[in-house]
$ cat protein_27.txt   # compact mmCIF, C-alpha atoms
# COMPACT_ATOMS: atom_id res chain seq x y z
CA MET I 105 -19.04 26.71 -7.27
CA GLN I 106 -16.97 25.23 -10.09
CA TYR I 107 -13.48 23.72 -9.86
CA THR I 108 -10.72 22.30 -12.04
CA ILE I 109 -8.10 19.78 -10.88
CA ARG I 110 -4.81 19.93 -12.79
CA GLY I 111 -1.68 17.81 -12.81
CA SER I 112 -0.88 14.18 -12.02
CA VAL I 113 1.75 13.81 -9.26
CA MET I 114 1.64 17.27 -7.66
CA GLN I 115 -1.95 18.28 -8.34
CA SER I 116 -3.65 21.62 -7.85
CA VAL I 117 -7.32 22.55 -7.66
CA GLU I 118 -8.55 25.89 -9.03
CA VAL I 119 -11.83 26.90 -7.40
CA SER I 120 -13.89 29.40 -9.39
CA LEU I 121 -16.02 31.74 -7.28
CA GLU I 122 -18.92 33.93 -8.31
CA GLN I 123 -20.14 36.94 -6.34
CA GLY I 124 -21.16 35.88 -2.83
CA GLU I 125 -19.46 32.46 -2.95
CA ALA I 126 -16.67 31.50 -0.54
CA VAL I 127 -14.25 28.67 0.21
CA TYR I 128 -12.03 28.14 3.26
CA THR I 129 -8.82 26.29 4.08
CA GLU I 130 -6.23 25.97 6.81
CA ALA I 131 -3.84 28.90 7.29
CA GLY I 132 -1.19 28.87 4.54
CA GLY I 133 -3.16 26.54 2.27
CA MET I 134 -3.61 28.95 -0.66
CA ALA I 135 -1.13 28.94 -3.57
CA TRP I 136 -2.42 31.77 -5.81
CA MET I 137 -5.62 33.66 -6.56
CA SER I 138 -7.13 36.40 -8.68
CA SER I 139 -6.72 39.98 -7.43
CA ASN I 140 -10.40 40.50 -6.58
CA ILE I 141 -10.57 37.71 -3.99
CA LYS I 142 -10.98 38.81 -0.36
CA MET I 143 -9.15 36.99 2.47
CA ASP I 144 -10.44 36.68 6.04
CA THR I 145 -8.39 34.68 8.57
CA ASN I 146 -10.05 33.88 11.89
CA MET I 147 -10.84 31.19 14.47
CA ARG I 148 -13.72 29.70 12.55
CA GLY I 149 -16.22 28.29 15.04
CA GLY I 150 -14.81 30.35 17.91
CA VAL I 151 -12.17 29.39 20.46
CA MET I 152 -13.61 25.92 21.12
CA GLY I 153 -13.79 25.19 17.40
CA ALA I 154 -10.14 26.24 17.03
CA ILE I 155 -9.05 24.04 19.94
CA LYS I 156 -10.88 21.03 18.49
CA ARG I 157 -9.17 21.60 15.13
CA ALA I 158 -5.76 21.85 16.78
CA VAL I 159 -6.34 18.57 18.66
CA SER I 160 -7.37 16.84 15.43
CA GLY I 161 -4.26 18.05 13.60
CA GLU I 162 -5.63 21.15 11.84
CA SER I 163 -4.49 24.77 12.31
CA LEU I 164 -6.06 27.04 14.93
CA PHE I 165 -6.85 29.62 12.27
CA LEU I 166 -8.68 29.06 9.00
CA THR I 167 -8.77 31.44 6.07
CA THR I 168 -11.94 32.16 4.08
CA TYR I 169 -11.63 33.35 0.46
CA SER I 170 -14.69 35.14 -0.89
CA CYS I 171 -15.63 36.96 -4.07
CA PRO I 172 -17.27 40.33 -3.24
CA SER I 173 -18.10 41.13 -6.86
CA GLY I 174 -17.79 39.66 -10.34
CA SER I 175 -15.99 36.34 -10.55
CA GLY I 176 -12.57 35.11 -9.47
CA PHE I 177 -10.59 32.04 -8.54
CA VAL I 178 -8.40 30.57 -5.80
CA THR I 179 -5.86 27.78 -6.34
CA PHE I 180 -4.77 25.27 -3.70
CA THR I 181 -1.87 22.82 -4.10
CA LEU I 182 -0.78 19.58 -2.46
CA GLU I 183 1.82 19.57 0.31
CA SER I 184 3.33 16.27 -0.92
CA PRO I 185 3.08 13.97 -3.97
CA GLY I 186 -0.43 12.57 -4.14
CA LYS I 187 -3.99 13.13 -5.31
CA ILE I 188 -6.80 15.57 -4.66
CA VAL I 189 -10.14 13.90 -3.89
CA PRO I 190 -13.24 16.10 -4.38
CA MET I 191 -16.48 15.15 -2.65
CA GLU I 192 -19.99 16.52 -3.10
CA LEU I 193 -21.59 16.16 0.33
CA GLU I 194 -25.32 16.27 0.93
CA ALA I 195 -26.78 18.07 3.94
CA GLY I 196 -25.67 16.15 7.03
CA GLN I 197 -23.48 13.74 5.07
CA GLN I 198 -20.16 13.14 6.82
CA ILE I 199 -16.68 11.88 5.97
CA ILE I 200 -14.07 10.86 8.55
CA CYS I 201 -10.48 11.58 7.55
CA GLN I 202 -6.96 11.29 8.89
CA ARG I 203 -5.13 14.32 10.22
CA ASP I 204 -4.04 16.80 7.55
CA ALA I 205 -6.24 15.19 4.88
CA PHE I 206 -8.65 18.14 4.76
CA MET I 207 -7.62 20.59 2.04
CA CYS I 208 -10.44 23.12 1.52
CA ALA I 209 -14.21 23.32 1.28
CA GLU I 210 -17.19 25.47 0.46
CA ASP I 211 -18.23 27.87 3.20
CA ALA I 212 -21.30 25.77 4.13
CA VAL I 213 -19.18 22.68 4.90
CA SER I 214 -18.18 22.22 8.55
CA LEU I 215 -14.88 20.86 9.85
CA ASP I 216 -14.86 19.27 13.30
CA MET I 217 -13.09 16.76 15.50
CA HIS I 218 -13.94 13.05 15.44
CA VAL I 219 -13.10 11.03 18.56
CA GLN I 220 -12.03 7.39 18.34
CA ARG I 221 -14.23 5.68 20.93
CA ARG I 222 -12.33 2.40 21.04
CA LEU I 223 -9.21 2.35 23.21
CA GLY I 224 -7.29 0.12 20.80
CA ALA I 225 -8.10 2.28 17.78
CA GLY I 226 -7.01 5.41 19.62
CA LEU I 227 -3.76 3.98 20.97
CA PHE I 228 -2.63 1.92 17.99
CA GLY I 229 -4.60 3.24 15.01
CA GLY I 230 -1.76 5.42 13.76
CA GLU I 231 -3.65 8.72 14.13
CA GLY I 232 -4.36 8.77 17.87
CA PHE I 233 -7.77 9.28 19.44
CA PHE I 234 -8.67 12.29 17.30
CA LEU I 235 -9.46 12.38 13.59
CA GLN I 236 -11.28 14.97 11.47
CA LYS I 237 -14.96 15.01 10.58
CA VAL I 238 -16.24 16.91 7.55
CA THR I 239 -19.99 17.52 7.22
CA GLY I 240 -22.03 18.80 4.28
CA PRO I 241 -23.77 20.35 2.49
CA GLY I 242 -21.24 21.42 -0.10
CA THR I 243 -18.05 20.45 -1.90
CA ALA I 244 -14.96 19.47 0.09
CA PHE I 245 -11.48 18.60 -1.13
CA PHE I 246 -9.05 16.16 0.49
CA GLU I 247 -5.34 15.59 -0.17
CA ILE I 248 -4.14 12.00 -0.24
CA ALA I 249 -0.52 10.85 -0.13
CA GLY I 250 0.40 8.77 -3.18
CA GLU I 251 -2.36 7.13 -5.20
CA ILE I 252 -5.88 6.53 -3.92
CA VAL I 253 -7.66 3.17 -3.85
CA GLU I 254 -11.39 3.11 -3.05
CA TYR I 255 -13.43 0.19 -1.69
CA ASN I 256 -17.18 0.07 -1.16
CA LEU I 257 -17.66 -2.44 1.63
CA GLU I 258 -20.89 -4.34 2.04
CA ALA I 259 -22.38 -4.95 5.49
CA GLY I 260 -20.05 -7.28 7.39
CA GLN I 261 -17.31 -7.15 4.73
CA SER I 262 -13.90 -6.32 6.23
CA LEU I 263 -10.45 -5.15 5.20
CA ARG I 264 -7.27 -5.48 7.26
CA VAL I 265 -5.03 -2.50 6.59
CA ASP I 266 -1.76 -1.07 7.83
CA PRO I 267 -3.18 1.90 9.81
CA GLY I 268 -1.07 4.48 8.00
CA HIS I 269 -2.78 3.65 4.70
CA VAL I 270 -6.27 4.62 5.94
CA ALA I 271 -7.10 8.04 4.48
CA LEU I 272 -10.90 8.51 4.53
CA PHE I 273 -13.96 6.47 5.41
CA ASP I 274 -17.70 6.81 5.81
CA PRO I 275 -18.92 7.10 9.43
CA THR I 276 -20.91 3.88 8.90
CA VAL I 277 -17.62 1.96 8.62
CA ASP I 278 -16.50 0.32 11.86
CA PHE I 279 -12.84 1.13 12.62
CA ASN I 280 -11.07 -1.22 15.02
CA ILE I 281 -7.56 -2.46 15.72
CA SER I 282 -6.38 -6.07 15.98
CA ARG I 283 -2.99 -7.51 16.89
CA VAL I 284 -0.94 -9.38 14.30
CA GLN I 285 -0.92 -13.09 15.13
CA GLY I 286 2.25 -15.20 15.28
CA VAL I 287 5.67 -14.40 16.74
CA THR I 288 7.50 -14.50 13.41
CA ASN I 289 4.83 -12.27 11.82
CA ILE I 290 5.21 -9.73 14.63
CA PHE I 291 9.01 -9.57 14.56
CA PHE I 292 9.93 -10.27 10.94
CA SER I 293 7.04 -9.28 8.65
CA GLY I 294 7.82 -5.56 8.88
CA GLU I 295 4.11 -4.80 9.26
CA GLY I 296 4.20 -3.81 12.92
CA LEU I 297 2.19 -5.17 15.82
CA PHE I 298 -1.28 -3.92 14.89
CA LEU I 299 -3.53 -3.73 11.83
CA ALA I 300 -6.69 -1.70 11.27
CA ASP I 301 -9.90 -3.66 10.78
CA LEU I 302 -12.40 -1.78 8.60
CA THR I 303 -15.86 -3.34 8.46
CA GLY I 304 -18.73 -2.20 6.24
CA PRO I 305 -21.15 -1.02 5.20
CA GLY I 306 -19.56 2.07 3.68
CA ARG I 307 -16.77 3.43 1.55
CA VAL I 308 -13.08 3.42 2.41
CA TRP I 309 -10.31 5.38 0.68
CA LEU I 310 -6.77 4.06 1.12
CA GLN I 311 -3.54 5.89 0.30
CA THR I 312 -0.54 4.13 -1.21
CA MET I 313 2.22 6.33 0.29
CA PRO I 314 1.65 7.37 3.93
CA LEU I 315 3.84 10.35 4.77
CA PRO I 316 5.46 8.68 7.83
CA ASN I 317 6.60 5.83 5.56
CA LEU I 318 8.06 8.30 3.08
CA ALA I 319 9.78 10.25 5.85
CA MET I 320 11.39 7.08 7.22
CA ARG I 321 12.70 6.13 3.80
CA LEU I 322 14.16 9.60 3.20
CA ALA I 323 15.64 9.79 6.70
CA ARG I 324 18.06 6.98 5.89
CA TYR I 325 19.56 8.95 3.01
CA ILE I 326 19.60 12.24 4.91
CA SER I 327 21.39 10.72 7.91
CA SER I 328 23.93 8.90 5.71
CA SER I 329 24.83 12.05 3.78
CA SER I 330 25.30 14.25 6.87
$ encode --input "protein_27.txt" --output "C-alpha cells"
Amino acid sequence: MQYTIRGSVMQSVEVSLEQGEAVYTEAGGMAWMSSNIKMDTNMRGGVMGAIKRAVSGESLFLTTYSCPSGSGFVTFTLESPGKIVPMELEAGQQIICQRDAFMCAEDAVSLDMHVQRRLGAGLFGGEGFFLQKVTGPGTAFFEIAGEIVEYNLEAGQSLRVDPGHVALFDPTVDFNISRVQGVTNIFFSGEGLFLADLTGPGRVWLQTMPLPNLAMRLARYISSSS
C-alpha cells in the first residue's frame, strides 16, 4: 500500500490501493475516492468490538475501502487544523493514542480499547479511563491537533505534560498523574491541578493545540457575539 500526504495546515492523505488491498476508517472519515473502490460499513470485530470502540471514543461502525480490481485510491482529511502522522507497525507492535486520534489503517491493523489501570490517570488524565490501542502489522495514520513534537525517552527519563497535549505514546511508556505543588501554582498558573508524568523508555508524541483548548478560546468569541 502506498500513500501521499498533502498540505500543511489542513492535511490530507491519499491511500493508493491495488487489487485485493483494503484500508478502514471510522464512519464518515472518507473525503473522496476513485469510482472503482468498494465500501463496506460494519461492526468490525463484532458487537463487543464495536462497544469497546464506542467506550474509547471511536464510532460503533467502521468502513472498509477495498479495491476489487485494478488500482484506485481513497483520500482522508483532518477534522481540525493539525498534522497526519503515519506509522509503519511491525507484527504485534502497539501504539496508545488519545480518543479520536486514530484516522485510518491497513486492513491487517487492529483497533482496540486501552484501559488506564491507575486511578489517578483515569480520573485526571484528560481522556478518562479508556484510550485507543492500535496494533500492527501494517500502516496506520493518526490525526494530531496543531503541530507534533516527538520525544524518545530513555529508561527513567520523564516529562511533565499538561494532559491535553499527550497525543500518542509507546506502551512501554509509564503514564501517571501528579498534582501541581504550591497553592499559588494551583490557583494562578492556569495549568490546572494535575499534570501527566510520562516516564521512559519509549516514544511520546505531543500535540501543540489540544481541541478542548481551542474550543475554549473560540467559545469566548462565540458567546460575546451572540
$ residues_around --input "protein_27.txt" --residues "Asn256 (chain I)" --least-positions-apart "5" --cutoff "12 Å" --atoms "all atoms listed in the file" --output "PyMOL selection string"
chain I and resi 261-263+272-274+276-277+302-310
$ atom_distance --input "protein_27.txt" --atom1 "CA of Ile252 (chain I)" --atom2 "CA of Phe165 (chain I)"
28.2 Å
$ closest_residue --input "protein_27.txt" --among "I:Cys171, I:Leu315, I:Ile141, I:Val178" --to "Ala249 (chain I)" --atoms "all atoms listed in the file"
I:Leu315
$ atom_distance --input "protein_27.txt" --atom1 "CA of Leu193 (chain I)" --atom2 "CA of Gly242 (chain I)"
5.3 Å
$ atom_distance --input "protein_27.txt" --atom1 "CA of Ala205 (chain I)" --atom2 "CA of Tyr128 (chain I)"
14.3 Å
$ residues_around --input "protein_27.txt" --residues "Gln311 (chain I)" --least-positions-apart "6" --cutoff "12 Å" --atoms "only C-alpha atoms" --output "PyMOL selection string"
chain I and resi 185-189+201-202+205+246-255+265-273+317
$ residues_around --input "protein_27.txt" --residues "Glu194 (chain I)" --least-positions-apart "5" --cutoff "10 Å" --atoms "all atoms listed in the file" --output "list in words"
Val213, Thr239, Gly240, Pro241, Gly242 and Thr243 of chain I
$ closest_residue --input "protein_27.txt" --among "I:Ala212, I:Met147, I:Met217, I:Val238" --to "Gln197 (chain I)" --atoms "all atoms listed in the file"
I:Val238
$ residues_near_point --input "protein_27.txt" --point "(-9.9, 42.8, -8.0)" --cutoff "10 Å" --atoms "only C-alpha atoms" --output "PDB file with C-alpha atoms, keeping the file's coordinate frame"
ATOM      1  CA  SER I 138      -7.130  36.400  -8.680  1.00  0.00           C
ATOM      2  CA  SER I 139      -6.720  39.980  -7.430  1.00  0.00           C
ATOM      3  CA  ASN I 140     -10.400  40.500  -6.580  1.00  0.00           C
ATOM      4  CA  ILE I 141     -10.570  37.710  -3.990  1.00  0.00           C
ATOM      5  CA  LYS I 142     -10.980  38.810  -0.360  1.00  0.00           C
ATOM      6  CA  CYS I 171     -15.630  36.960  -4.070  1.00  0.00           C
ATOM      7  CA  PRO I 172     -17.270  40.330  -3.240  1.00  0.00           C
ATOM      8  CA  SER I 173     -18.100  41.130  -6.860  1.00  0.00           C
ATOM      9  CA  GLY I 174     -17.790  39.660 -10.340  1.00  0.00           C
ATOM     10  CA  SER I 175     -15.990  36.340 -10.550  1.00  0.00           C
ATOM     11  CA  GLY I 176     -12.570  35.110  -9.470  1.00  0.00           C
TER      12      GLY I 176
END
$ closest_residue --input "protein_27.txt" --among "I:Phe245, I:Leu182, I:Gly196, I:Ala131" --to "Val119 (chain I)" --atoms "all atoms listed in the file"
I:Phe245
$ closest_residue --input "protein_27.txt" --among "I:Glu192, I:Asp278, I:Glu130, I:Glu183" --to "Val113 (chain I)" --atoms "all atoms listed in the file"
I:Glu183
$ decode --input "protein_27.txt" --residues "region 166-288 of chain I" --atoms "C-alpha atoms" --output "mmCIF file, in the first residue's frame"
data_model
loop_
_atom_site.group_PDB
_atom_site.id
_atom_site.type_symbol
_atom_site.label_atom_id
_atom_site.label_comp_id
_atom_site.auth_asym_id
_atom_site.auth_seq_id
_atom_site.Cartn_x
_atom_site.Cartn_y
_atom_site.Cartn_z
ATOM 1 C CA LEU I 166 -16.142 1.281 10.732
ATOM 2 C CA THR I 167 -15.969 1.439 6.957
ATOM 3 C CA THR I 168 -13.575 -0.686 4.897
ATOM 4 C CA TYR I 169 -12.496 0.541 1.448
ATOM 5 C CA SER I 170 -11.184 -2.160 -0.865
ATOM 6 C CA CYS I 171 -10.051 -2.394 -4.467
ATOM 7 C CA PRO I 172 -11.712 -5.395 -6.191
ATOM 8 C CA SER I 173 -9.765 -4.956 -9.427
ATOM 9 C CA GLY I 174 -7.108 -2.754 -10.982
ATOM 10 C CA SER I 175 -5.908 0.115 -8.825
ATOM 11 C CA GLY I 176 -7.621 3.010 -7.079
ATOM 12 C CA PHE I 177 -7.302 5.479 -4.242
ATOM 13 C CA VAL I 178 -9.100 6.790 -1.158
ATOM 14 C CA THR I 179 -8.462 10.199 0.419
ATOM 15 C CA PHE I 180 -8.941 11.032 4.097
ATOM 16 C CA THR I 181 -8.792 14.554 5.559
ATOM 17 C CA LEU I 182 -8.271 16.068 9.004
ATOM 18 C CA GLU I 183 -11.225 17.141 11.133
ATOM 19 C CA SER I 184 -9.322 20.160 12.511
ATOM 20 C CA PRO I 185 -6.060 22.053 11.822
ATOM 21 C CA GLY I 186 -3.154 19.734 12.520
ATOM 22 C CA LYS I 187 -0.895 17.020 11.154
ATOM 23 C CA ILE I 188 -1.221 13.471 9.883
ATOM 24 C CA VAL I 189 1.243 11.035 11.463
ATOM 25 C CA PRO I 190 1.850 7.794 9.507
ATOM 26 C CA MET I 191 3.285 4.784 11.315
ATOM 27 C CA GLU I 192 4.618 1.511 9.929
ATOM 28 C CA LEU I 193 3.838 -1.045 12.635
ATOM 29 C CA GLU I 194 5.506 -4.430 12.878
ATOM 30 C CA ALA I 195 3.522 -7.531 13.821
ATOM 31 C CA GLY I 196 2.413 -7.091 17.435
ATOM 32 C CA GLN I 197 3.788 -3.554 17.701
ATOM 33 C CA GLN I 198 1.370 -1.246 19.505
ATOM 34 C CA ILE I 199 0.705 2.471 19.852
ATOM 35 C CA ILE I 200 -1.521 4.017 22.535
ATOM 36 C CA CYS I 201 -3.406 7.126 21.435
ATOM 37 C CA GLN I 202 -5.907 9.632 22.733
ATOM 38 C CA ARG I 203 -9.547 9.464 21.728
ATOM 39 C CA ASP I 204 -10.236 10.467 18.121
ATOM 40 C CA ALA I 205 -6.539 10.312 17.173
ATOM 41 C CA PHE I 206 -6.989 7.207 15.005
ATOM 42 C CA MET I 207 -7.600 8.192 11.384
ATOM 43 C CA CYS I 208 -7.339 5.075 9.190
ATOM 44 C CA ALA I 209 -5.245 1.948 8.750
ATOM 45 C CA GLU I 210 -4.497 -1.038 6.585
ATOM 46 C CA ASP I 211 -6.926 -3.918 6.943
ATOM 47 C CA ALA I 212 -4.425 -6.031 8.935
ATOM 48 C CA VAL I 213 -4.090 -3.374 11.667
ATOM 49 C CA SER I 214 -6.365 -3.810 14.700
ATOM 50 C CA LEU I 215 -8.055 -1.044 16.696
ATOM 51 C CA ASP I 216 -8.965 -1.781 20.302
ATOM 52 C CA MET I 217 -9.583 -0.198 23.688
ATOM 53 C CA HIS I 218 -6.757 0.553 26.127
ATOM 54 C CA VAL I 219 -7.671 0.798 29.811
ATOM 55 C CA GLN I 220 -5.865 3.181 32.155
ATOM 56 C CA ARG I 221 -5.001 0.986 35.130
ATOM 57 C CA ARG I 222 -4.057 3.800 37.506
ATOM 58 C CA LEU I 223 -6.949 5.560 39.243
ATOM 59 C CA GLY I 224 -5.288 8.977 39.046
ATOM 60 C CA ALA I 225 -4.527 8.663 35.333
ATOM 61 C CA GLY I 226 -8.103 7.623 34.602
ATOM 62 C CA LEU I 227 -9.745 10.349 36.686
ATOM 63 C CA PHE I 228 -7.441 13.265 35.926
ATOM 64 C CA GLY I 229 -5.541 12.300 32.773
ATOM 65 C CA GLY I 230 -7.785 14.310 30.478
ATOM 66 C CA GLU I 231 -9.015 11.309 28.449
ATOM 67 C CA GLY I 232 -10.709 9.220 31.142
ATOM 68 C CA PHE I 233 -10.006 5.568 31.827
ATOM 69 C CA PHE I 234 -10.214 4.495 28.182
ATOM 70 C CA LEU I 235 -7.794 5.279 25.369
ATOM 71 C CA GLN I 236 -7.247 3.592 22.000
ATOM 72 C CA LYS I 237 -4.744 0.861 21.190
ATOM 73 C CA VAL I 238 -3.566 0.264 17.627
ATOM 74 C CA THR I 239 -1.693 -2.963 16.844
ATOM 75 C CA GLY I 240 0.258 -3.994 13.739
ATOM 76 C CA PRO I 241 1.229 -5.336 11.318
ATOM 77 C CA GLY I 242 0.588 -2.614 8.778
ATOM 78 C CA THR I 243 0.417 1.127 8.220
ATOM 79 C CA ALA I 244 -1.771 3.292 10.456
ATOM 80 C CA PHE I 245 -2.476 7.012 10.266
ATOM 81 C CA PHE I 246 -3.187 9.336 13.193
ATOM 82 C CA GLU I 247 -4.513 12.909 13.225
ATOM 83 C CA ILE I 248 -2.887 15.321 15.647
ATOM 84 C CA ALA I 249 -4.231 18.745 16.628
ATOM 85 C CA GLY I 250 -1.761 21.521 15.821
ATOM 86 C CA GLU I 251 1.906 20.654 15.355
ATOM 87 C CA ILE I 252 3.520 17.446 16.583
ATOM 88 C CA VAL I 253 6.571 17.243 18.841
ATOM 89 C CA GLU I 254 8.228 13.838 19.346
ATOM 90 C CA TYR I 255 10.431 12.736 22.247
ATOM 91 C CA ASN I 256 12.294 9.453 22.590
ATOM 92 C CA LEU I 257 12.593 8.920 26.330
ATOM 93 C CA GLU I 258 15.346 6.802 27.795
ATOM 94 C CA ALA I 259 14.652 4.430 30.693
ATOM 95 C CA GLY I 260 13.780 6.521 33.750
ATOM 96 C CA GLN I 261 13.643 9.804 31.802
ATOM 97 C CA SER I 262 10.413 11.731 32.464
ATOM 98 C CA LEU I 263 8.345 14.556 31.036
ATOM 99 C CA ARG I 264 5.658 16.517 32.880
ATOM 100 C CA VAL I 265 2.918 17.496 30.448
ATOM 101 C CA ASP I 266 -0.465 19.172 30.507
ATOM 102 C CA PRO I 267 -2.627 16.056 29.908
ATOM 103 C CA GLY I 268 -4.410 17.530 26.896
ATOM 104 C CA HIS I 269 -1.131 17.729 24.978
ATOM 105 C CA VAL I 270 -0.487 13.963 25.109
ATOM 106 C CA ALA I 271 -1.370 12.525 21.691
ATOM 107 C CA LEU I 272 0.407 9.159 21.282
ATOM 108 C CA PHE I 273 2.889 7.051 23.200
ATOM 109 C CA ASP I 274 4.529 3.648 23.137
ATOM 110 C CA PRO I 275 3.033 1.085 25.553
ATOM 111 C CA THR I 276 6.434 0.889 27.282
ATOM 112 C CA VAL I 277 5.975 4.477 28.486
ATOM 113 C CA ASP I 278 4.592 4.765 32.016
ATOM 114 C CA PHE I 279 1.649 7.200 32.155
ATOM 115 C CA ASN I 280 0.821 8.629 35.573
ATOM 116 C CA ILE I 281 -0.722 11.761 37.047
ATOM 117 C CA SER I 282 0.739 14.032 39.725
ATOM 118 C CA ARG I 283 -0.732 17.055 41.483
ATOM 119 C CA VAL I 284 0.729 20.508 40.914
ATOM 120 C CA GLN I 285 2.579 21.635 44.038
ATOM 121 C CA GLY I 286 2.070 25.035 45.693
ATOM 122 C CA VAL I 287 -1.123 26.991 46.342
ATOM 123 C CA THR I 288 -0.236 29.873 44.021
#
